[in-house]
Amino acid sequence: MKPHNIQFTLNGEKVALSVEPSDVLLDVLRGKLGIKSPKVGCDRGDCGTCTVLMNGKTIRSCLALAVEADGSEIVTLEGANSRKWTQKLQKTFHAKNAFQCGFCAPGVILSATELLEKNPKPSAHDIKEAIAGNLCRCTGYEPIVEAIAETAKGK
Amino acid sequence: MDLQKLIAKPRKGARSVKTGEELTVVGQSVPRVDGWEKIKGAAKYTDDLEFGPGLLYAALVESPFAHAKIKSIDVSKAEKLHGVVKVVTGRNFTQKFGLYMNDRYVFATDMVRFVGEQVAAVVATDPKIALRGAALVKVEYEELPAVMDAVKALEKDSPLVHPDLKSYTHVPWFFPKPGTNIAHWRKIRKGDLAKGFKDADLVMEDTYTVPRYAHCAIEPHSAIGLFDASGRLTMWTSSQSPFTQRHVFAETLKSFGLSHKDVRVISTYIGGGFGGKAGVTMEIIAAALAIAVPGRPVKLLWSRAQEFYNTYQRLGCTAKIKMGVSKAGKITALDFKLHWDAGAYVEYGANVVNAAGLSASGPYKVDNLSIDSMCTYTNLPPCGAYRGFGYSEFLFGLESHITRMARELGIDPVEFRKKNAIKEGDTLPYGAHMNPTGIMDAIERVAKEIKWGVKERSKDPKKAIGKAQVCFWKSPAMPPNASSSAFLKFNEDGSINILVSGMEIGQGLLTVMAQIASEVLSVPVAKIRVETPDTDRNPYEWQTVGSHVTWGCGNAVKRAALEARERILDLVQRVHCLDKSTLYLEDQHVKCRTKPDFALRFSDFVINGIQADDHTFKGGPIMGSGVFMPEFASAISDPETGQGGHPNVHYTTGSAGIILEVDRETGKMKIKKVALAVDCGKAINPDLVRGQIVGGLLQGFATVLYEDMRYNEKGRLLNPNFSDYKIPTVMDMPDQVVPIIIEVAQPDGPFGARGVGEHTMIPCAPLIANAVEDALGVRIKSMPVTKEKVALAVKAAKK
Amino acid sequence: MPITTEFEYLKPKDMDEALHVFSLYKEKARALAGGTDLVVHLKENLARPEVVVDIKALQELSGLTLKEGTLRIGARTTFSELIDSKVIKTRFPLLWEASLTVASTGVRNRATVAGNICSAVPSADSAPVLAVYDAEVLTRSLKGERRIPIAGWFTGPKRTALLPDEIVTAIELQLPAKKHAGCYMKLSRYDGEDLAQGGIAALVFSDNTYRVAACALGPTPARCPKTEAVLSGNKLGEKLLAKAVETVLQEVSPISDIRSSKEYRLHMTRIMLGRALETAVARLFGKGPKYGTGNIC
């Protein structure tokens with residue numbers, strides 16, 4: 001099959017590479033571009049660990065073909081680490097020991113960043129809705145939800 | 001939401017902690033040492049590790065049948081595919097392996113025993129090519145009759161899953177019955193059962209069933225292996241048990257010239273274990289493949305579907321209980337028969353059966369007791385360690401039954417539990433004695449929190465509110481010689497590196513170890529690094545399972561810290577001629593009680609030594625090592641009665657209660673409030689204990705409310721994905737969770753600590769079943785207790 | 001998990017170009033919008049196309065507009081766009097409510113309504129809602145355009161009236177003139193994201209007319225005309241409700257599968273219909289739970 005040359009912005013930098021049409025975006029980010037924060041969790045978009053921002057919105061990168069990234073802006077946690085809301089969230093998560101094994105953390109943090117950038121005064125329900133697609137098996141979610149709420153309140 | 005802590009008065013005989021000194025670090029919710037790494041997305045898990053462009057990938061050929069003879073395997077087409085480097089089958093690896101019993105194969109050899117069992121593997125330069133190659137391998141099978149039910153597996157004419165059971169090696173405290181599907185039969189016979197039933201005013205018998213469950217750690221299993229030119233096998237695995245894995249690899253592959261020193265296992269952070277990453281499952285395949293392609297690293301990454309059907313599952317259990325109770329509310333007799341569906345290979349699962357068999361009477365004083373815990377082979381995926389290790393499974397029946405009997409006798413179910421609760425010193429099912437326990441405080445606290453005894457009504461007329469409270473206990477299930485060890489060394493700036501092989505699976509082990517060392521050595525946690533295991537560099541740890549590493553590894557770390565402290569004090573005594581008994585450590589200095597102006601900074605001497613008056617240097621790098629093995633534990637007992645050993649090092653006890661709102665028509669259940677009190681001896685880091693309580697409760701409630709494994713009649717798992725095996729989302733949180741920490745010191749634990757981790761999911765199932773009965777008057781005796789079951793039970797009861 | 005099938009990928013900017021590919025390849029071509037169904041099928045070898053046509057550059061397929069009472073949902077419109085749209089929230093709250101029950105934010109940011117009805121699983125959440133709005137599916141091929149009423153769209157489980165050389169361009173529905181309110185009741189195994197084990201969409205009008213449709217309770221999502229006939233012209237009361245919930249049982253044919261049993265689905269059909277109607281009526285009078293709440297059973 002004809003490989004496609006694609007170009008996109010990854011965490012603020014231009015990248016160019018050749019991919020096959022059947023290459024999955026998550027696999028290309030991890031395998032060809034060395035970006036490890038989005039994870040392989042379930043292969044079907046059910047767990048949210050593969051979450052990245054594409055053109056400003058969270059998507060499940062395990063359900064996107066790499067070719068679809070052509071001309072787009074992709075941000076992973078490695079790039080989001082410098083965003084205002086991400087940093088605020090991270091400070092609170094750290095202080096509250098909100099994560100345990102940490103595997104769900106990059107996906108949760110991007111979902112929470114998307115929420116607060118769009119809606120800095122979310123309700124309790126808004127917060128839950130934002131991370132409802134991020135599965136966590138360790139924490140029972142409570143410290144994560146509390147941390148997002150505290151971050152929004154500016155504590 | 002604040003943690004409630006109840007610090008009980010120290011019991012007589014319990015060693016008090018730091019005499020006369022306040023603990024400054026232990027007992028604090030310090031931030032996790034691995035926090036920033038994980039929050040910035042920098043933490044590396046096994047699949048994140050890079051091995052360069054030469055990395056090979058593997059894909060499996062798996063059995064479509066639950067029980068079949070392998071007649072032939074044709075790998076020729078697969079081998080010819082461009083990019084395929086090697087195809088491996090059971091022909092190349094015939095040695096059996098296992099943890100407690102050697103009944104398992106690297107690849108199926110002549111027989112397959114469950115749907116999904118690995119028959120061959122294709123190693124290729126690209127994951128897609130490996131998968132395409134696997135599809136080209138042709139296997140011819142002769143299907144055989146299979147058995148999918150643990151009770152049917154006991155029938156005379158049942159197919160035998162392991163006809164050669166007699167020849168299998170196993171630990172001496174297992175009792176397989178060759179010629180049957182019984183892999184192990186743990187018996188407890190204590191007191192006089194017949195008399196106990198005669199003395200009862202009420203005898204009740206019933207059966208409770210618990211199906212299999214999946215761990216669903218969000219990180220799938222992965223392993224990379226490299227067998228290099230020096231004859232050394234290095235494995236990078238997502239494992240709770242690097243040393244146990246090393247042992248299994250070395251033993252199973254010794255025909256390839258490997259000894260333990262030649263096998264190195266490196267485990268980084270794990271994305272959740274819950275017991276599923278303990279022992280050895282898919283990693284042995286990666287090790288075998290590494291041997292098959294020497295000089296090249298090969299990776300095996302499990303898909304989510306394989307996570308479901310080819311890693312350990314939680315055993316299924318059919319529990320028959322017959323209990324006798326006096327009208328005064330005392331348990332006079334308990335006859336408990338547990339039939340376990342342990343799957344096609346029980347090398348780990350048989351120990352779950354053993355552990356449950358030793359403790360199925362629960363945290364109660366039962367003088368006349370008979371337990372039969374039978375481990376049965378079936379043609380379903382192998383079962384093994386899962387958070388709770390058999391205790392959730394027996395507690396569902398036990399605590400359901402207790403509430404039913406109490407109600408039948410007109411006794412308050414919580415008062416009943418108080419009357420029968422086990423006390424320190426009471427005789428355990430196998431003859432040894434109970435450790436200190438705060439269970440009475442736990443019961444009282446929880447009852448208060450859920451306003452036990454006060455009937456509540458829902459604001460919604462369609463709904464009813466029910467309450468329930470139960471007790472739980474668990475002990476680590478380990479071999480009697482399971483040990484922990486630690487190395488500790490200072491650096492020039494007074495910071496510390498600690499090397500342990502206890503694994504960070506999310507529970508916060510690294511942080512707790514740092515806190516223990518910090519308390520002993522007065523070095524702040526921020527100046528301590530605790531490294532994840534590398535069997536070359538870090539000293540031995542049996543496994544990170546059983547909720548025992550705070551206790552076991554913590555004791556080892558404390559000993560290592562104490563040894564380092566001794567060396568410091570010895571050195572200062574020697575050089576400065578100060579009596580050791582007057583010296584103490586504070587703020588990273590050595591100070592002297594009788595010389596208040598003496599303060600020697602660690603960074604001045606912990607590497608370089610102390611300069612004496614004659615300008616020579618004394619001392620050198622300050623280090624310490626610590627080993628902990630429970631030398632009082634023993635597993636040998638009478639096979640017919642279970643009496644005589646001391647197999648369980650200690651029990652952690654507690655109580656939990658819920659307020660449950662149930663929709664009468666739909667059966668939908670909502671947990672309005674759940675309170676759980678656990679006696680962890682000493683909460684070294686209360687935030688982390690809270691993490692186990694909140695996380696464990698949700699995982700536990702999920703098993704009872706909506707996790708539901710479905711097999712077809714041919715033994716194929718029908719829902720190996722999150723679309724149809726539902727694990728909790730943030731939407732499924734209980735409305736309110738109240739964690740309560742109780743601290744009745746464990747005399748042999750570091751700063752009085754004993755384990756807590758598994759315990760918090762154990763009470764969930766009977767809580768729901770009892771609360772549903774309290775709310776709606778229907779009793780559900782099989783898990784999961786889904787809303788569908790509740791609604792249809794209510795409907796049937798109306799008729 | 002990698003995709004082992006090899007296929008060509010095209011992203012046409014021109015509608016004719018796209019239609020030529022479908023005309024040539026027919027069943028061997030698949031349209032890619034959000035990919036939240038297609039990529040799963042590619043991974044599991046349930047779809048083995050020779051060419052994948054990315055429709056996200058086709059201008060004709062974009063847009064979410066309400067003009068002179070006609071709502072046009074372009075084929076590229078995602079569920080997130082529906083949820084974020086003030087027009088949908090205020091004028092088509094039933095569609096808004098159903099959209100919120102689909103998967104999660106990260107999936108809804110890509111998944112399209114058109115894709116939902118093309119995948120045509122019996123549990124598609126948008127389906128019963130589009131049915132009670134009497135929506136029409138607009139398709140186009142080189143041969144021309146078609147307007148297919150939603151009632152004729154679903155022909156079987158995962159089967160639609162879409163021809164192999166066609167693509168869906170938009171879905172259109174009329175804003176009902178009379179005052180109305182609705183409710184989408186969804187049967188789920190828990191509170192998190194789930195595929196419906198049963199779904200009832202109800203629209204109730206101020207002139208006592210009713211529209212009811214079901215999903216996941218038969219081989220295709222469909223309207224319940226017998227139930228509607230029983231209800232029509234009458235004010236909702238206890239007796240009428242009792243009759244309606246008995247009637248709807250004749251119009252659904254649920255099965256037992258790994259998600260739920262036939263018995264429970266039938267039991268819940270009555271309950272969900274009753275609650276959907278009661279909620280819709282309450283909302284008609286400005287009471288009842290806010291849209292997007294209280295509708296997961």
# chains A, B, ... in the order shown; residues from 1 in each chain; ligands from 1
call {"tool": "interface_residues", "arguments": {"of": "chain C", "to": "chain A", "cutoff": "7 Å", "atoms": "only C-alpha atoms", "output": "CSV table (one decimal) with C-alpha atoms, in the first residue's frame"}}
result
chain,number,residue,atom,x,y,z
C,1,MET,CA,-3.7,-3.4,18.6
C,2,PRO,CA,-2.5,-2.8,15.1
C,3,ILE,CA,-4.8,-3.1,12.0
C,6,GLU,CA,-4.1,-3.1,4.1
C,7,PHE,CA,-6.2,-0.4,2.4
C,8,GLU,CA,-5.9,2.8,0.5
C,9,TYR,CA,-6.8,6.1,2.2
C,35,GLY,CA,-13.9,6.4,13.2
C,36,THR,CA,-15.2,5.4,16.6
C,39,VAL,CA,-11.5,1.7,13.5
C,40,VAL,CA,-12.7,-0.8,16.0
C,104,SER,CA,-18.0,9.9,26.7
C,105,THR,CA,-16.6,13.3,25.8
C,106,GLY,CA,-13.5,12.0,24.0
C,107,VAL,CA,-15.6,9.8,21.8
C,109,ASN,CA,-15.8,14.8,20.0
C,110,ARG,CA,-15.4,12.6,17.0
C,192,GLY,CA,-21.2,4.9,33.4
call {"tool": "select_by_dssp", "arguments": {"residues": "stretch 51-267 of chain C", "states": "strand (DSSP E or B)", "output": "number ranges by chain"}}
result
C: 51-54, 64-67, 70-74, 78, 112, 136-141, 144-149, 154-156, 159-160, 167-174, 180-187, 198-205, 210-215, 222-223
call {"tool": "residues_around", "arguments": {"residues": "A:Pro120", "least_positions_apart": "3", "cutoff": "10 Å", "atoms": "only C-alpha atoms", "output": "number ranges by chain"}}
result
A: 85, 113-117, 123, 149, 151-154
call {"tool": "interface_residues", "arguments": {"of": "chain B", "to": "chain C", "cutoff": "6 Å", "atoms": "only C-alpha atoms", "output": "list in words"}}
result
Lys128, Thr729, Met731 and Asp732 of chain B
call {"tool": "residues_around", "arguments": {"residues": "stretch 284-290 of chain C", "least_positions_apart": "3", "cutoff": "9 Å", "atoms": "only C-alpha atoms", "output": "CSV table (one decimal) with N, CA and C atoms, in the first residue's frame"}}
result
chain,number,residue,atom,x,y,z
C,179,LYS,N,-46.6,23.0,20.9
C,179,LYS,CA,-45.8,22.9,22.1
C,179,LYS,C,-45.6,21.4,22.5
C,180,HIS,N,-44.4,21.0,22.8
C,180,HIS,CA,-44.1,19.6,23.1
C,180,HIS,C,-43.0,19.5,24.1
C,181,ALA,N,-42.8,18.3,24.6
C,181,ALA,CA,-41.7,18.0,25.4
C,181,ALA,C,-41.4,16.5,25.3
C,182,GLY,N,-40.2,16.1,25.7
C,182,GLY,CA,-39.9,14.7,25.4
C,182,GLY,C,-39.0,14.1,26.5
C,204,VAL,N,-44.3,14.2,23.6
C,204,VAL,CA,-45.7,14.5,24.1
C,204,VAL,C,-46.1,15.9,23.7
C,205,PHE,N,-47.2,16.0,23.0
C,205,PHE,CA,-47.7,17.3,22.5
C,205,PHE,C,-48.8,17.9,23.3
C,206,SER,N,-48.9,19.2,23.3
C,206,SER,CA,-49.9,19.9,24.1
C,206,SER,C,-51.3,19.5,23.6
C,278,GLU,N,-44.4,10.0,31.7
C,278,GLU,CA,-44.7,10.9,32.8
C,278,GLU,C,-43.7,12.0,32.9
C,279,THR,N,-42.4,11.7,32.6
C,279,THR,CA,-41.4,12.8,32.6
C,279,THR,C,-41.7,13.8,31.5
C,280,ALA,N,-42.0,13.3,30.3
C,280,ALA,CA,-42.3,14.2,29.2
C,280,ALA,C,-43.5,15.1,29.5
C,281,VAL,N,-44.5,14.5,30.0
C,281,VAL,CA,-45.7,15.3,30.4
C,281,VAL,C,-45.4,16.4,31.5
C,293,THR,N,-31.1,14.6,33.0
C,293,THR,CA,-31.1,14.1,34.3
C,293,THR,C,-32.2,13.1,34.5
C,294,GLY,N,-32.0,12.1,35.4
C,294,GLY,CA,-33.1,11.2,35.7
C,294,GLY,C,-33.6,10.3,34.6
C,295,ASN,N,-32.7,10.1,33.5
C,295,ASN,CA,-33.2,9.3,32.4
C,295,ASN,C,-32.4,8.0,32.2
call {"tool": "interface_residues", "arguments": {"of": "chain A", "to": "chain B", "cutoff": "8 Å", "atoms": "only C-alpha atoms", "output": "CSV table (one decimal) with C-alpha atoms, in the first residue's frame"}}
result
chain,number,residue,atom,x,y,z
A,30,ARG,CA,4.3,5.9,20.8
A,36,LYS,CA,4.8,7.7,25.7
A,37,SER,CA,2.2,9.5,27.9
A,40,VAL,CA,-2.4,1.4,25.2
A,41,GLY,CA,-5.2,0.3,27.5
A,42,CYS,CA,-8.1,-1.4,25.8
A,43,ASP,CA,-7.8,-1.1,22.0
A,46,ASP,CA,-13.4,2.4,26.3
A,47,CYS,CA,-10.7,3.3,28.8
A,77,LEU,CA,0.5,15.6,28.2
A,78,GLU,CA,4.2,16.2,27.4
A,81,ASN,CA,2.6,20.3,30.9
A,90,GLN,CA,-1.0,19.0,38.6
A,93,PHE,CA,-3.2,16.4,42.2
A,94,HIS,CA,0.2,16.1,43.8
A,95,ALA,CA,-0.7,17.7,47.1
A,96,LYS,CA,-3.7,15.5,47.4
A,97,ASN,CA,-2.0,12.2,46.4
A,99,PHE,CA,-3.3,9.2,41.7
A,100,GLN,CA,-2.0,5.7,42.7
A,101,CYS,CA,-0.6,3.7,39.8
A,102,GLY,CA,-0.6,6.7,37.6
A,103,PHE,CA,-1.6,4.9,34.4
A,104,CYS,CA,-4.8,6.8,33.9
A,105,ALA,CA,-3.3,10.1,34.9
A,106,PRO,CA,-2.3,11.5,31.5
A,128,LYS,CA,-17.7,14.0,36.5
A,129,GLU,CA,-18.9,14.2,32.9
A,131,ILE,CA,-13.7,12.4,33.1
A,132,ALA,CA,-16.5,9.8,32.7
A,133,GLY,CA,-14.6,8.3,29.8
A,134,ASN,CA,-11.3,7.9,31.8
A,135,LEU,CA,-11.3,4.6,33.6
A,136,CYS,CA,-9.3,4.3,36.9
A,137,ARG,CA,-9.1,1.1,38.8
A,138,CYS,CA,-7.1,2.3,41.7
A,139,THR,CA,-8.5,5.4,43.3
A,140,GLY,CA,-12.2,5.2,43.4
A,141,TYR,CA,-12.1,8.6,41.7
A,142,GLU,CA,-13.0,10.6,44.8
call {"tool": "select_by_dssp", "arguments": {"residues": "chain A", "states": "helix (DSSP H, G or I)", "output": "number ranges by chain"}}
result
A: 25-31, 61-63, 66-69, 77-80, 84-95, 105-118, 124-131, 142-153
call {"tool": "residues_around", "arguments": {"residues": "A:Ile148", "least_positions_apart": "5", "cutoff": "8 Å", "atoms": "only C-alpha atoms", "output": "PDB file with C-alpha atoms, in the first residue's frame"}}
result
ATOM      1  CA  LEU A  89      -4.355  20.751  38.195  1.00  0.00           C
ATOM      2  CA  THR A  92      -3.415  19.969  43.350  1.00  0.00           C
ATOM      3  CA  PHE A  93      -3.229  16.351  42.222  1.00  0.00           C
ATOM      4  CA  ALA A 112      -9.692  17.900  33.049  1.00  0.00           C
ATOM      5  CA  ILE A 127     -16.436  17.562  36.394  1.00  0.00           C
TER       6      ILE A 127
END
call {"tool": "closest_residue", "arguments": {"among": "B:Leu131, B:Ser238, B:His82, B:Leu358", "to": "C:Glu44", "atoms": "only C-alpha atoms"}}
result
B:Leu131
call {"tool": "atom_distance", "arguments": {"atom1": "atom CA of B:Ala442", "atom2": "atom CA of B:Gly275"}}
result
26.5 Å
call {"tool": "closest_residue", "arguments": {"among": "B:Gly494, B:Pro539, B:Trp185, B:Val785", "to": "B:Val590", "atoms": "only C-alpha atoms"}}
result
B:Gly494
call {"tool": "residues_around", "arguments": {"residues": "C:Ser23", "least_positions_apart": "6", "cutoff": "8 Å", "atoms": "only C-alpha atoms", "output": "number ranges by chain"}}
result
C: 141-142, 164-166
call {"tool": "write_last_selection", "arguments": {"atoms": "N, CA and C atoms", "output": "CSV table (one decimal), in the first residue's frame"}}
result
chain,number,residue,atom,x,y,z
C,141,SER,N,-25.5,9.8,-4.4
C,141,SER,CA,-24.6,9.0,-5.2
C,141,SER,C,-24.4,9.7,-6.6
C,142,LEU,N,-23.6,9.2,-7.4
C,142,LEU,CA,-23.5,9.8,-8.8
C,142,LEU,C,-24.8,9.8,-9.5
C,164,PRO,N,-24.6,0.7,-1.8
C,164,PRO,CA,-23.2,0.7,-1.7
C,164,PRO,C,-22.5,1.8,-2.4
C,165,ASP,N,-23.2,2.5,-3.4
C,165,ASP,CA,-22.5,3.6,-4.0
C,165,ASP,C,-22.9,5.0,-3.5
C,166,GLU,N,-23.5,5.0,-2.3
C,166,GLU,CA,-24.0,6.2,-1.7
C,166,GLU,C,-23.3,6.6,-0.4
call {"tool": "residues_around", "arguments": {"residues": "B:Leu55", "least_positions_apart": "6", "cutoff": "9 Å", "atoms": "only C-alpha atoms", "output": "list in words"}}
result
Thr125, Asp126, Arg296, Pro297, Val298 and Lys299 of chain B
call {"tool": "closest_residue", "arguments": {"among": "C:Leu217, C:Leu32, C:Leu175, C:Val230", "to": "C:Ile88", "atoms": "only C-alpha atoms"}}
result
C:Leu175
